$ cat upload-v1.pdb   # PDB, C-alpha atoms
ATOM      1  CA  MET A 310     -27.279 -89.763  11.139
ATOM      2  CA  SER A 311     -24.331 -90.104   8.804
ATOM      3  CA  ALA A 312     -23.805 -87.317   6.303
ATOM      4  CA  THR A 313     -23.756 -87.940   2.568
ATOM      5  CA  VAL A 314     -22.521 -85.294   0.150
ATOM      6  CA  THR A 315     -23.821 -84.918  -3.395
ATOM      7  CA  PRO A 316     -21.868 -82.721  -5.817
ATOM      8  CA  ILE A 317     -23.440 -80.298  -8.265
ATOM      9  CA  ARG A 318     -23.676 -82.461 -11.326
ATOM     10  CA  GLY A 319     -23.059 -81.901 -14.983
ATOM     11  CA  GLY A 320     -24.205 -84.287 -17.666
ATOM     12  CA  ASP A 321     -26.237 -84.266 -20.849
ATOM     13  CA  THR A 322     -29.678 -84.057 -19.226
ATOM     14  CA  PRO A 323     -30.354 -80.600 -17.823
ATOM     15  CA  PRO A 324     -31.705 -80.589 -14.277
ATOM     16  CA  SER A 325     -35.272 -79.414 -13.761
ATOM     17  CA  LEU A 326     -37.943 -78.801 -11.155
ATOM     18  CA  ASP A 327     -39.997 -81.696 -12.559
ATOM     19  CA  PRO A 328     -39.010 -84.153  -9.792
ATOM     20  CA  MET A 329     -40.020 -81.685  -7.102
ATOM     21  CA  MET A 330     -43.229 -80.795  -8.918
ATOM     22  CA  ALA A 331     -44.122 -84.481  -9.203
ATOM     23  CA  LEU A 332     -43.298 -85.020  -5.535
ATOM     24  CA  VAL A 333     -45.595 -82.265  -4.270
ATOM     25  CA  SER A 334     -48.254 -82.073  -7.004
ATOM     26  CA  ALA A 335     -51.157 -83.196  -4.800
ATOM     27  CA  ASP A 336     -50.083 -80.875  -1.992
ATOM     28  CA  LEU A 337     -49.594 -77.998  -4.442
ATOM     29  CA  ASP A 338     -53.176 -78.405  -5.649
ATOM     30  CA  ARG A 339     -54.321 -77.824  -2.073
ATOM     31  CA  VAL A 340     -52.028 -74.830  -1.756
ATOM     32  CA  ASN A 341     -53.444 -73.343  -4.944
ATOM     33  CA  HIS A 342     -56.941 -73.825  -3.522
ATOM     34  CA  VAL A 343     -55.923 -71.857  -0.417
ATOM     35  CA  ILE A 344     -54.383 -69.129  -2.587
ATOM     36  CA  LEU A 345     -57.520 -68.749  -4.716
ATOM     37  CA  ASP A 346     -59.753 -68.767  -1.638
ATOM     38  CA  ARG A 347     -57.721 -66.113   0.189
ATOM     39  CA  MET A 348     -57.494 -63.862  -2.870
ATOM     40  CA  ARG A 349     -61.246 -63.350  -2.740
ATOM     41  CA  SER A 350     -62.504 -59.895  -1.953
ATOM     42  CA  ASP A 351     -65.669 -57.846  -2.398
ATOM     43  CA  VAL A 352     -63.443 -55.304  -4.138
ATOM     44  CA  PRO A 353     -63.116 -56.770  -7.681
ATOM     45  CA  LEU A 354     -59.762 -55.127  -8.433
ATOM     46  CA  ILE A 355     -58.014 -57.120  -5.681
ATOM     47  CA  PRO A 356     -58.511 -60.671  -7.063
ATOM     48  CA  GLU A 357     -58.151 -59.351 -10.608
ATOM     49  CA  LEU A 358     -54.772 -57.727 -10.001
ATOM     50  CA  ALA A 359     -53.438 -60.393  -7.629
ATOM     51  CA  GLY A 360     -54.544 -63.137  -9.990
ATOM     52  CA  HIS A 361     -52.698 -61.477 -12.875
ATOM     53  CA  LEU A 362     -49.382 -62.052 -11.096
ATOM     54  CA  ILE A 363     -50.114 -65.286  -9.235
ATOM     55  CA  ALA A 364     -51.398 -66.960 -12.412
ATOM     56  CA  GLY A 365     -48.655 -65.388 -14.508
ATOM     57  CA  GLY A 366     -46.495 -68.442 -15.047
ATOM     58  CA  GLY A 367     -44.313 -68.478 -11.924
ATOM     59  CA  LYS A 368     -42.853 -71.812 -10.878
ATOM     60  CA  ARG A 369     -44.122 -71.579  -7.276
ATOM     61  CA  MET A 370     -40.602 -72.550  -6.209
ATOM     62  CA  ARG A 371     -40.795 -71.128  -2.694
ATOM     63  CA  PRO A 372     -44.048 -72.839  -1.630
ATOM     64  CA  MET A 373     -42.841 -76.030  -3.315
ATOM     65  CA  LEU A 374     -39.771 -75.908  -1.077
ATOM     66  CA  THR A 375     -42.030 -75.862   1.998
ATOM     67  CA  LEU A 376     -43.945 -78.849   0.671
ATOM     68  CA  ALA A 377     -40.839 -80.783  -0.398
ATOM     69  CA  CYS A 378     -39.111 -80.198   2.954
ATOM     70  CA  ALA A 379     -42.231 -81.510   4.700
ATOM     71  CA  LYS A 380     -41.974 -84.622   2.499
ATOM     72  CA  LEU A 381     -38.306 -84.935   3.412
ATOM     73  CA  LEU A 382     -39.333 -85.113   7.078
ATOM     74  CA  ASP A 383     -42.285 -87.478   6.432
ATOM     75  CA  TYR A 384     -44.700 -84.943   7.890
ATOM     76  CA  PRO A 385     -48.193 -86.539   7.816
ATOM     77  CA  GLY A 386     -50.334 -83.462   8.553
ATOM     78  CA  ASP A 387     -51.691 -80.594   6.489
ATOM     79  CA  ARG A 388     -50.531 -77.410   8.255
ATOM     80  CA  HIS A 389     -47.914 -76.887   5.574
ATOM     81  CA  HIS A 390     -50.560 -76.206   2.913
ATOM     82  CA  LYS A 391     -51.673 -72.894   4.411
ATOM     83  CA  LEU A 392     -48.095 -71.998   5.283
ATOM     84  CA  ALA A 393     -46.906 -72.657   1.733
ATOM     85  CA  ALA A 394     -49.704 -70.347   0.525
ATOM     86  CA  CYS A 395     -48.498 -67.804   3.061
ATOM     87  CA  VAL A 396     -44.991 -68.009   1.589
ATOM     88  CA  GLU A 397     -46.369 -67.435  -1.899
ATOM     89  CA  PHE A 398     -48.378 -64.419  -0.747
ATOM     90  CA  ILE A 399     -45.279 -62.866   0.825
ATOM     91  CA  HIS A 400     -43.341 -63.460  -2.386
ATOM     92  CA  THR A 401     -46.102 -62.079  -4.614
ATOM     93  CA  ALA A 402     -46.535 -58.986  -2.443
ATOM     94  CA  THR A 403     -42.818 -58.218  -2.698
ATOM     95  CA  LEU A 404     -42.951 -58.629  -6.494
ATOM     96  CA  LEU A 405     -45.809 -56.136  -6.754
ATOM     97  CA  HIS A 406     -43.903 -53.636  -4.642
ATOM     98  CA  ASP A 407     -40.604 -54.299  -6.461
ATOM     99  CA  ASP A 408     -42.123 -53.610  -9.870
ATOM    100  CA  VAL A 409     -43.360 -50.244  -8.639
ATOM    101  CA  VAL A 410     -39.988 -49.322  -7.141
ATOM    102  CA  ASP A 411     -38.089 -50.496 -10.237
ATOM    103  CA  VAL A 412     -40.617 -48.989 -12.675
ATOM    104  CA  SER A 413     -40.701 -52.401 -14.374
ATOM    105  CA  ASP A 414     -42.967 -52.957 -17.363
ATOM    106  CA  GLN A 415     -42.544 -56.694 -17.861
ATOM    107  CA  ARG A 416     -42.465 -59.775 -15.626
ATOM    108  CA  ARG A 417     -42.548 -63.397 -16.771
ATOM    109  CA  GLY A 418     -43.077 -62.132 -20.304
ATOM    110  CA  LYS A 419     -46.240 -60.193 -19.449
ATOM    111  CA  LYS A 420     -47.037 -56.592 -18.646
ATOM    112  CA  THR A 421     -46.548 -55.851 -14.957
ATOM    113  CA  ALA A 422     -49.536 -55.017 -12.761
ATOM    114  CA  ASN A 423     -48.298 -51.460 -12.257
ATOM    115  CA  VAL A 424     -48.341 -50.875 -16.016
ATOM    116  CA  ILE A 425     -51.925 -52.176 -16.320
ATOM    117  CA  TRP A 426     -53.529 -50.855 -13.131
ATOM    118  CA  GLY A 427     -51.070 -48.202 -11.950
ATOM    119  CA  ASN A 428     -48.680 -47.878  -9.030
ATOM    120  CA  PRO A 429     -51.203 -47.087  -6.258
ATOM    121  CA  ALA A 430     -53.294 -50.195  -6.979
ATOM    122  CA  SER A 431     -50.198 -52.416  -7.162
ATOM    123  CA  VAL A 432     -48.873 -51.177  -3.830
ATOM    124  CA  LEU A 433     -52.234 -51.518  -2.083
ATOM    125  CA  VAL A 434     -52.928 -55.020  -3.418
ATOM    126  CA  GLY A 435     -49.421 -55.984  -2.328
ATOM    127  CA  ASP A 436     -50.376 -54.757   1.137
ATOM    128  CA  PHE A 437     -53.548 -56.866   0.940
ATOM    129  CA  LEU A 438     -51.514 -59.988   0.157
ATOM    130  CA  PHE A 439     -49.113 -59.263   3.027
ATOM    131  CA  SER A 440     -52.143 -58.998   5.310
ATOM    132  CA  ARG A 441     -53.495 -62.306   4.045
ATOM    133  CA  SER A 442     -50.126 -63.918   4.709
ATOM    134  CA  PHE A 443     -50.211 -62.771   8.327
ATOM    135  CA  GLU A 444     -53.755 -64.100   8.718
ATOM    136  CA  LEU A 445     -52.501 -67.503   7.588
ATOM    137  CA  MET A 446     -49.561 -67.349  10.011
ATOM    138  CA  VAL A 447     -51.874 -66.569  12.929
ATOM    139  CA  GLU A 448     -54.335 -69.307  11.930
ATOM    140  CA  ASP A 449     -51.519 -71.849  12.127
ATOM    141  CA  GLY A 450     -51.259 -71.070  15.820
ATOM    142  CA  SER A 451     -47.519 -71.540  16.236
ATOM    143  CA  LEU A 452     -45.621 -68.613  17.674
ATOM    144  CA  LYS A 453     -42.434 -70.123  16.262
ATOM    145  CA  VAL A 454     -43.844 -70.200  12.734
ATOM    146  CA  LEU A 455     -45.110 -66.642  13.197
ATOM    147  CA  ARG A 456     -41.676 -65.527  14.363
ATOM    148  CA  ILE A 457     -39.902 -67.165  11.410
ATOM    149  CA  LEU A 458     -42.204 -65.854   8.674
ATOM    150  CA  SER A 459     -42.805 -62.399  10.136
ATOM    151  CA  GLY A 460     -39.067 -62.063  10.728
ATOM    152  CA  ALA A 461     -38.375 -63.029   7.128
ATOM    153  CA  SER A 462     -40.912 -60.427   5.924
ATOM    154  CA  ALA A 463     -39.126 -57.712   7.889
ATOM    155  CA  VAL A 464     -35.719 -58.822   6.627
ATOM    156  CA  ILE A 465     -36.949 -58.805   3.013
ATOM    157  CA  ALA A 466     -38.174 -55.227   3.401
ATOM    158  CA  GLU A 467     -34.837 -54.220   4.932
ATOM    159  CA  GLY A 468     -33.031 -55.844   2.032
ATOM    160  CA  GLU A 469     -35.107 -53.940  -0.508
ATOM    161  CA  VAL A 470     -34.427 -50.637   1.253
ATOM    162  CA  ASN A 471     -30.726 -51.507   1.459
ATOM    163  CA  GLN A 472     -30.703 -52.205  -2.283
ATOM    164  CA  LEU A 473     -32.501 -48.931  -2.973
ATOM    165  CA  THR A 474     -29.916 -46.937  -1.027
ATOM    166  CA  ALA A 475     -27.097 -48.776  -2.824
ATOM    167  CA  GLN A 476     -28.597 -48.079  -6.246
ATOM    168  CA  ARG A 477     -26.389 -45.986  -8.543
ATOM    169  CA  ARG A 478     -23.490 -46.275  -6.077
ATOM    170  CA  ILE A 479     -20.550 -47.825  -7.893
ATOM    171  CA  ASP A 480     -18.636 -48.016  -4.610
ATOM    172  CA  THR A 481     -20.976 -50.759  -3.362
ATOM    173  CA  GLY A 482     -18.769 -53.676  -2.307
ATOM    174  CA  GLU A 483     -19.223 -57.424  -2.491
ATOM    175  CA  ASP A 484     -19.963 -57.730   1.239
ATOM    176  CA  ARG A 485     -22.848 -55.276   1.024
ATOM    177  CA  TYR A 486     -24.117 -56.922  -2.145
ATOM    178  CA  LEU A 487     -24.209 -60.328  -0.412
ATOM    179  CA  GLU A 488     -25.947 -58.708   2.558
ATOM    180  CA  ILE A 489     -28.596 -57.319   0.213
ATOM    181  CA  ILE A 490     -29.341 -60.542  -1.643
ATOM    182  CA  GLY A 491     -29.179 -62.541   1.581
ATOM    183  CA  ALA A 492     -32.026 -60.369   2.859
ATOM    184  CA  LYS A 493     -34.170 -59.653  -0.187
ATOM    185  CA  THR A 494     -34.026 -63.140  -1.711
ATOM    186  CA  ALA A 495     -32.456 -65.776   0.532
ATOM    187  CA  ALA A 496     -34.425 -64.943   3.697
ATOM    188  CA  LEU A 497     -37.711 -66.194   2.248
ATOM    189  CA  PHE A 498     -36.085 -69.330   0.791
ATOM    190  CA  ALA A 499     -34.682 -70.080   4.257
ATOM    191  CA  ALA A 500     -37.975 -69.433   6.046
ATOM    192  CA  ALA A 501     -39.953 -71.489   3.522
ATOM    193  CA  CYS A 502     -37.747 -74.496   4.270
ATOM    194  CA  ARG A 503     -37.374 -73.996   8.015
ATOM    195  CA  ILE A 504     -41.099 -73.889   8.804
ATOM    196  CA  ALA A 505     -41.414 -77.460   7.524
ATOM    197  CA  ALA A 506     -39.200 -78.609  10.402
ATOM    198  CA  VAL A 507     -41.349 -76.658  12.877
ATOM    199  CA  VAL A 508     -44.653 -78.196  11.762
ATOM    200  CA  ALA A 509     -42.996 -81.631  11.693
ATOM    201  CA  GLU A 510     -41.866 -80.995  15.301
ATOM    202  CA  ARG A 511     -38.214 -81.686  14.584
ATOM    203  CA  ASP A 512     -35.340 -80.405  16.701
ATOM    204  CA  GLU A 513     -33.271 -77.262  16.253
ATOM    205  CA  GLU A 514     -30.561 -79.140  14.358
ATOM    206  CA  VAL A 515     -33.016 -80.104  11.625
ATOM    207  CA  GLU A 516     -34.401 -76.561  11.521
ATOM    208  CA  GLU A 517     -30.890 -75.184  11.068
ATOM    209  CA  ALA A 518     -30.094 -77.688   8.319
ATOM    210  CA  LEU A 519     -33.178 -76.751   6.303
ATOM    211  CA  ASP A 520     -32.564 -73.064   6.948
ATOM    212  CA  ALA A 521     -29.013 -73.454   5.604
ATOM    213  CA  TYR A 522     -30.306 -75.344   2.572
ATOM    214  CA  GLY A 523     -32.837 -72.640   1.728
ATOM    215  CA  ARG A 524     -30.556 -69.705   2.471
ATOM    216  CA  ASN A 525     -27.698 -70.975   0.305
ATOM    217  CA  LEU A 526     -30.096 -71.920  -2.470
ATOM    218  CA  GLY A 527     -31.565 -68.413  -2.356
ATOM    219  CA  ILE A 528     -28.155 -66.777  -2.646
ATOM    220  CA  ALA A 529     -27.212 -69.056  -5.549
ATOM    221  CA  PHE A 530     -30.548 -68.309  -7.216
ATOM    222  CA  GLN A 531     -30.019 -64.532  -7.017
ATOM    223  CA  LEU A 532     -26.404 -64.737  -8.175
ATOM    224  CA  VAL A 533     -27.570 -66.556 -11.289
ATOM    225  CA  ASP A 534     -30.347 -63.996 -11.839
ATOM    226  CA  ASP A 535     -27.816 -61.187 -11.665
ATOM    227  CA  ALA A 536     -25.495 -62.944 -14.105
ATOM    228  CA  ILE A 537     -28.136 -63.762 -16.699
ATOM    229  CA  ASP A 538     -29.454 -60.194 -16.649
ATOM    230  CA  TYR A 539     -26.505 -59.474 -18.921
ATOM    231  CA  VAL A 540     -26.155 -62.646 -20.964
ATOM    232  CA  SER A 541     -29.586 -64.215 -21.352
ATOM    233  CA  ASP A 542     -32.479 -63.145 -23.582
ATOM    234  CA  GLU A 543     -35.876 -61.581 -22.981
ATOM    235  CA  GLU A 544     -37.799 -64.790 -23.736
ATOM    236  CA  THR A 545     -35.784 -66.819 -21.220
ATOM    237  CA  MET A 546     -35.823 -64.184 -18.494
ATOM    238  CA  GLY A 547     -39.389 -62.934 -18.929
ATOM    239  CA  LYS A 548     -38.163 -59.347 -18.572
ATOM    240  CA  ASP A 549     -36.080 -56.872 -20.524
ATOM    241  CA  VAL A 550     -32.402 -57.751 -20.860
ATOM    242  CA  GLY A 551     -30.153 -55.269 -19.101
ATOM    243  CA  ASP A 552     -32.770 -53.975 -16.653
ATOM    244  CA  ASP A 553     -30.247 -54.025 -13.802
ATOM    245  CA  PHE A 554     -27.765 -52.057 -15.915
ATOM    246  CA  ARG A 555     -30.280 -49.362 -16.840
ATOM    247  CA  ASP A 556     -31.623 -49.183 -13.277
ATOM    248  CA  GLY A 557     -28.137 -48.599 -11.891
ATOM    249  CA  LYS A 558     -28.135 -51.744  -9.770
ATOM    250  CA  VAL A 559     -24.652 -52.717  -8.650
ATOM    251  CA  THR A 560     -24.628 -56.508  -8.839
ATOM    252  CA  LEU A 561     -21.680 -58.859  -8.481
ATOM    253  CA  PRO A 562     -20.689 -58.941 -12.185
ATOM    254  CA  VAL A 563     -20.405 -55.139 -12.129
ATOM    255  CA  ILE A 564     -18.598 -55.053  -8.775
ATOM    256  CA  LEU A 565     -15.952 -57.457 -10.109
ATOM    257  CA  ALA A 566     -15.627 -55.665 -13.465
ATOM    258  CA  TYR A 567     -15.176 -52.300 -11.765
ATOM    259  CA  ALA A 568     -12.524 -53.689  -9.427
ATOM    260  CA  ARG A 569     -10.594 -55.240 -12.327
ATOM    261  CA  GLY A 570     -11.044 -52.417 -14.833
ATOM    262  CA  SER A 571      -8.661 -49.784 -16.127
ATOM    263  CA  ASP A 572      -9.149 -46.126 -15.237
ATOM    264  CA  GLU A 573     -11.061 -45.625 -18.470
ATOM    265  CA  GLU A 574     -13.294 -48.619 -17.747
ATOM    266  CA  LYS A 575     -13.922 -47.378 -14.218
ATOM    267  CA  ARG A 576     -15.093 -44.048 -15.671
ATOM    268  CA  PHE A 577     -17.466 -45.912 -17.947
ATOM    269  CA  TRP A 578     -18.926 -47.877 -15.042
ATOM    270  CA  ARG A 579     -19.347 -44.741 -12.928
ATOM    271  CA  ASP A 580     -21.161 -42.995 -15.771
ATOM    272  CA  ALA A 581     -23.295 -46.058 -16.513
ATOM    273  CA  ILE A 582     -24.347 -46.782 -12.936
ATOM    274  CA  GLU A 583     -25.092 -43.089 -12.329
ATOM    275  CA  GLY A 584     -27.385 -43.130 -15.375
ATOM    276  CA  ARG A 585     -25.325 -41.302 -17.984
ATOM    277  CA  ARG A 586     -24.450 -44.294 -20.203
ATOM    278  CA  VAL A 587     -27.556 -46.459 -20.667
ATOM    279  CA  SER A 588     -27.996 -46.814 -24.455
ATOM    280  CA  ASP A 589     -28.048 -50.178 -26.215
ATOM    281  CA  ALA A 590     -24.477 -49.513 -27.333
ATOM    282  CA  ASP A 591     -23.478 -48.847 -23.728
ATOM    283  CA  LEU A 592     -25.131 -52.097 -22.624
ATOM    284  CA  ALA A 593     -23.227 -53.963 -25.348
ATOM    285  CA  HIS A 594     -19.978 -52.375 -24.143
ATOM    286  CA  ALA A 595     -20.801 -53.342 -20.568
ATOM    287  CA  LYS A 596     -21.330 -56.956 -21.662
ATOM    288  CA  ASP A 597     -17.969 -56.921 -23.458
ATOM    289  CA  LEU A 598     -16.235 -55.698 -20.297
ATOM    290  CA  LEU A 599     -17.956 -58.330 -18.137
ATOM    291  CA  ILE A 600     -16.886 -61.086 -20.495
ATOM    292  CA  HIS A 601     -13.361 -59.682 -20.894
ATOM    293  CA  HIS A 602     -12.814 -59.706 -17.138
ATOM    294  CA  ASP A 603     -14.536 -63.093 -16.644
ATOM    295  CA  THR A 604     -17.003 -61.606 -14.188
ATOM    296  CA  ILE A 605     -20.018 -63.584 -15.445
ATOM    297  CA  ALA A 606     -18.030 -66.803 -15.133
ATOM    298  CA  ASP A 607     -16.834 -65.827 -11.675
ATOM    299  CA  THR A 608     -20.363 -64.903 -10.568
ATOM    300  CA  MET A 609     -21.538 -68.315 -11.735
ATOM    301  CA  ALA A 610     -18.651 -69.919  -9.848
ATOM    302  CA  ARG A 611     -19.902 -68.162  -6.703
ATOM    303  CA  ALA A 612     -23.421 -69.450  -7.456
ATOM    304  CA  ARG A 613     -22.111 -73.012  -7.752
ATOM    305  CA  HIS A 614     -20.290 -72.561  -4.433
ATOM    306  CA  TYR A 615     -23.484 -71.549  -2.636
ATOM    307  CA  GLY A 616     -25.412 -74.232  -4.489
ATOM    308  CA  GLN A 617     -22.974 -76.840  -3.223
ATOM    309  CA  ARG A 618     -23.395 -75.490   0.310
ATOM    310  CA  ALA A 619     -27.163 -75.932  -0.061
ATOM    311  CA  ILE A 620     -26.725 -79.529  -1.207
ATOM    312  CA  ASP A 621     -24.246 -80.207   1.599
ATOM    313  CA  ALA A 622     -26.833 -79.012   4.130
ATOM    314  CA  LEU A 623     -28.994 -81.972   3.089
ATOM    315  CA  GLY A 624     -26.158 -84.369   3.958
ATOM    316  CA  PRO A 625     -27.602 -85.543   7.316
ATOM    317  CA  PHE A 626     -30.906 -86.626   5.758
ATOM    318  CA  ALA A 627     -31.469 -90.173   4.551
ATOM    319  CA  LYS A 628     -31.608 -90.918   0.849
ATOM    320  CA  SER A 629     -35.155 -90.421  -0.429
ATOM    321  CA  GLN A 630     -37.201 -89.140  -3.350
ATOM    322  CA  ALA A 631     -37.619 -85.837  -1.522
ATOM    323  CA  LYS A 632     -33.892 -85.419  -0.933
ATOM    324  CA  ALA A 633     -33.184 -86.166  -4.593
ATOM    325  CA  ALA A 634     -35.803 -83.611  -5.695
ATOM    326  CA  LEU A 635     -34.438 -80.929  -3.367
ATOM    327  CA  THR A 636     -30.915 -81.627  -4.632
ATOM    328  CA  GLU A 637     -31.997 -81.317  -8.255
ATOM    329  CA  ALA A 638     -33.802 -78.070  -7.440
ATOM    330  CA  VAL A 639     -30.415 -76.593  -6.538
ATOM    331  CA  GLN A 640     -28.867 -77.927  -9.710
ATOM    332  CA  PHE A 641     -31.747 -76.427 -11.694
ATOM    333  CA  ALA A 642     -31.298 -73.022 -10.044
ATOM    334  CA  VAL A 643     -27.647 -72.917 -11.053
ATOM    335  CA  ALA A 644     -28.162 -74.393 -14.529
ATOM    336  CA  ARG A 645     -30.653 -71.682 -15.563
ATOM    337  CA  ALA A 646     -27.734 -69.665 -16.898
ATOM    338  CA  TYR A 647     -26.946 -72.191 -19.617
TER     339      TYR A 647
END
$ encode --input "upload-v1.pdb" --output "structure tokens"
Amino acid sequence: MSATVTPIRGGDTPPSLDPMMALVSADLDRVNHVILDRMRSDVPLIPELAGHLIAGGGKRMRPMLTLACAKLLDYPGDRHHKLAACVEFIHTATLLHDDVVDVSDQRRGKKTANVIWGNPASVLVGDFLFSRSFELMVEDGSLKVLRILSGASAVIAEGEVNQLTAQRRIDTGEDRYLEIIGAKTAALFAAACRIAAVVAERDEEVEEALDAYGRNLGIAFQLVDDAIDYVSDEETMGKDVGDDFRDGKVTLPVILAYARGSDEEKRFWRDAIEGRRVSDADLAHAKDLLIHHDTIADTMARARHYGQRAIDALGPFAKSQAKAALTEAVQFAVARAY
């Protein structure tokens, strides 16, 4: 196969997930049926709480990637429906756990499950969804699929613990930050894409290409999230602006600002990340420093770099509607900041 390279585009029309949603709409209906079926329980709180988050307006980007990658490979079967549901369950379980750890009160513009039902219920229903995801993996019958998705689940948990231990540590460096987001975010993107190659019975080269696409997309996605935490608005983000700042999370914009700052600015960042400067005025000052040192722009430049790597990973695949949709999904992920 000859490689073709598509650059991250600009233009007047903003990129969107609409092409990918149109591509996989029929498959996504079947995935949603699996999700609703596997959320059932004789314990009423389980479907009630899980449904609150699953039906809460998420884009279903990760399961759509599984479906779109299967389309890219012209896979004619239906194994990917249960596996895409499995991916969504893993993602939803991690969100439930994350909101407890972060003491979050808003997600996608709605109250978080832990605010409504409490931390114990959120953790336990997250465990239920993880269990359902493993049932779906086993039902598929492929040890390779089981290894990929179970491995990703373990890596995600490691990434969350790594982030927790780095919290409120201003000395966290860029390498560790990339290690954290590569685990907690990019691992599931990579696995969601790679399993499509397994069910389509493609060779290792194709698996690696889709893994690289998903992994780089996931890193770009998280870089943008960490940038817009400081410069977007509550309506766009679906959560409170400045949550990372108040939680003492050391993300790339902060890492760069601290490295470039004066002694006085470094003192501010130490106090802020350690929880002593978290007022609205402090957040406004933090934003001013990030803009002054161009750290939001540089974080977005990093996101575009990883986005381009994701698009380049699709180079070996023939031109198709699926390839175009997967390419635009990357462009959408990066463009969310604007």
$ residues_around --input "upload-v1.pdb" --residues "Lys596 (chain A)" --least-positions-apart "2" --cutoff "10 Å" --atoms "only C-alpha atoms" --output "PyMOL selection string"
chain A and resi 539-540+551+554+562-563+590-594+598-601+604-605
$ closest_residue --input "upload-v1.pdb" --among "A:Trp578, A:Tyr384, A:Phe498, A:Tyr615" --to "Arg369 (chain A)" --atoms "only C-alpha atoms"
A:Phe498
$ residues_near_point --input "upload-v1.pdb" --point "(-37.3, -69.2, 5.7)" --cutoff "12 Å" --atoms "all atoms listed in the file" --output "JSON list (two decimals) with C-alpha atoms, keeping the file's coordinate frame"
[["chain", "number", "residue", "atom", "x", "y", "z"],
["A", 371, "ARG", "CA", -40.80, -71.13, -2.69],
["A", 372, "PRO", "CA", -44.05, -72.84, -1.63],
["A", 374, "LEU", "CA", -39.77, -75.91, -1.08],
["A", 375, "THR", "CA", -42.03, -75.86, 2.00],
["A", 378, "CYS", "CA", -39.11, -80.20, 2.95],
["A", 392, "LEU", "CA", -48.10, -72.00, 5.28],
["A", 393, "ALA", "CA", -46.91, -72.66, 1.73],
["A", 395, "CYS", "CA", -48.50, -67.80, 3.06],
["A", 396, "VAL", "CA", -44.99, -68.01, 1.59],
["A", 397, "GLU", "CA", -46.37, -67.44, -1.90],
["A", 399, "ILE", "CA", -45.28, -62.87, 0.82],
["A", 400, "HIS", "CA", -43.34, -63.46, -2.39],
["A", 453, "LYS", "CA", -42.43, -70.12, 16.26],
["A", 454, "VAL", "CA", -43.84, -70.20, 12.73],
["A", 455, "LEU", "CA", -45.11, -66.64, 13.20],
["A", 456, "ARG", "CA", -41.68, -65.53, 14.36],
["A", 457, "ILE", "CA", -39.90, -67.17, 11.41],
["A", 458, "LEU", "CA", -42.20, -65.85, 8.67],
["A", 459, "SER", "CA", -42.80, -62.40, 10.14],
["A", 460, "GLY", "CA", -39.07, -62.06, 10.73],
["A", 461, "ALA", "CA", -38.38, -63.03, 7.13],
["A", 462, "SER", "CA", -40.91, -60.43, 5.92],
["A", 463, "ALA", "CA", -39.13, -57.71, 7.89],
["A", 464, "VAL", "CA", -35.72, -58.82, 6.63],
["A", 465, "ILE", "CA", -36.95, -58.80, 3.01],
["A", 491, "GLY", "CA", -29.18, -62.54, 1.58],
["A", 492, "ALA", "CA", -32.03, -60.37, 2.86],
["A", 493, "LYS", "CA", -34.17, -59.65, -0.19],
["A", 494, "THR", "CA", -34.03, -63.14, -1.71],
["A", 495, "ALA", "CA", -32.46, -65.78, 0.53],
["A", 496, "ALA", "CA", -34.42, -64.94, 3.70],
["A", 497, "LEU", "CA", -37.71, -66.19, 2.25],
["A", 498, "PHE", "CA", -36.08, -69.33, 0.79],
["A", 499, "ALA", "CA", -34.68, -70.08, 4.26],
["A", 500, "ALA", "CA", -37.98, -69.43, 6.05],
["A", 501, "ALA", "CA", -39.95, -71.49, 3.52],
["A", 502, "CYS", "CA", -37.75, -74.50, 4.27],
["A", 503, "ARG", "CA", -37.37, -74.00, 8.02],
["A", 504, "ILE", "CA", -41.10, -73.89, 8.80],
["A", 505, "ALA", "CA", -41.41, -77.46, 7.52],
["A", 506, "ALA", "CA", -39.20, -78.61, 10.40],
["A", 507, "VAL", "CA", -41.35, -76.66, 12.88],
["A", 516, "GLU", "CA", -34.40, -76.56, 11.52],
["A", 517, "GLU", "CA", -30.89, -75.18, 11.07],
["A", 518, "ALA", "CA", -30.09, -77.69, 8.32],
["A", 519, "LEU", "CA", -33.18, -76.75, 6.30],
["A", 520, "ASP", "CA", -32.56, -73.06, 6.95],
["A", 521, "ALA", "CA", -29.01, -73.45, 5.60],
["A", 522, "TYR", "CA", -30.31, -75.34, 2.57],
["A", 523, "GLY", "CA", -32.84, -72.64, 1.73],
["A", 524, "ARG", "CA", -30.56, -69.70, 2.47],
["A", 525, "ASN", "CA", -27.70, -70.97, 0.30],
["A", 526, "LEU", "CA", -30.10, -71.92, -2.47],
["A", 527, "GLY", "CA", -31.56, -68.41, -2.36]]
$ atom_distance --input "upload-v1.pdb" --atom1 "CA of Asn423 (chain A)" --atom2 "CA of Asp534 (chain A)"
21.9 Å
$ atom_distance --input "upload-v1.pdb" --atom1 "CA of Asn341 (chain A)" --atom2 "CA of Ala622 (chain A)"
28.7 Å
$ residues_around --input "upload-v1.pdb" --residues "Leu532 (chain A)" --least-positions-apart "6" --cutoff "9 Å" --atoms "all atoms listed in the file" --output "list in words"
Ile490, Thr560, Leu561, Thr608, Met609, Arg611, Ala612 and Val643 of chain A
$ residues_around --input "upload-v1.pdb" --residues "Ile479 (chain A)" --least-positions-apart "3" --cutoff "9 Å" --atoms "only C-alpha atoms" --output "NGL selection string"
:A and (475-476 or 482 or 557-559 or 563-564 or 567 or 578-579 or 582-583)
$ write_last_selection --input "upload-v1.pdb" --atoms "C-alpha atoms" --output "compact mmCIF listing (two decimals), in the coordinates of the input"
# COMPACT_ATOMS: atom_id res chain seq x y z
CA ALA A 475 -27.10 -48.78 -2.82
CA GLN A 476 -28.60 -48.08 -6.25
CA GLY A 482 -18.77 -53.68 -2.31
CA GLY A 557 -28.14 -48.60 -11.89
CA LYS A 558 -28.14 -51.74 -9.77
CA VAL A 559 -24.65 -52.72 -8.65
CA VAL A 563 -20.40 -55.14 -12.13
CA ILE A 564 -18.60 -55.05 -8.78
CA TYR A 567 -15.18 -52.30 -11.76
CA TRP A 578 -18.93 -47.88 -15.04
CA ARG A 579 -19.35 -44.74 -12.93
CA ILE A 582 -24.35 -46.78 -12.94
CA GLU A 583 -25.09 -43.09 -12.33
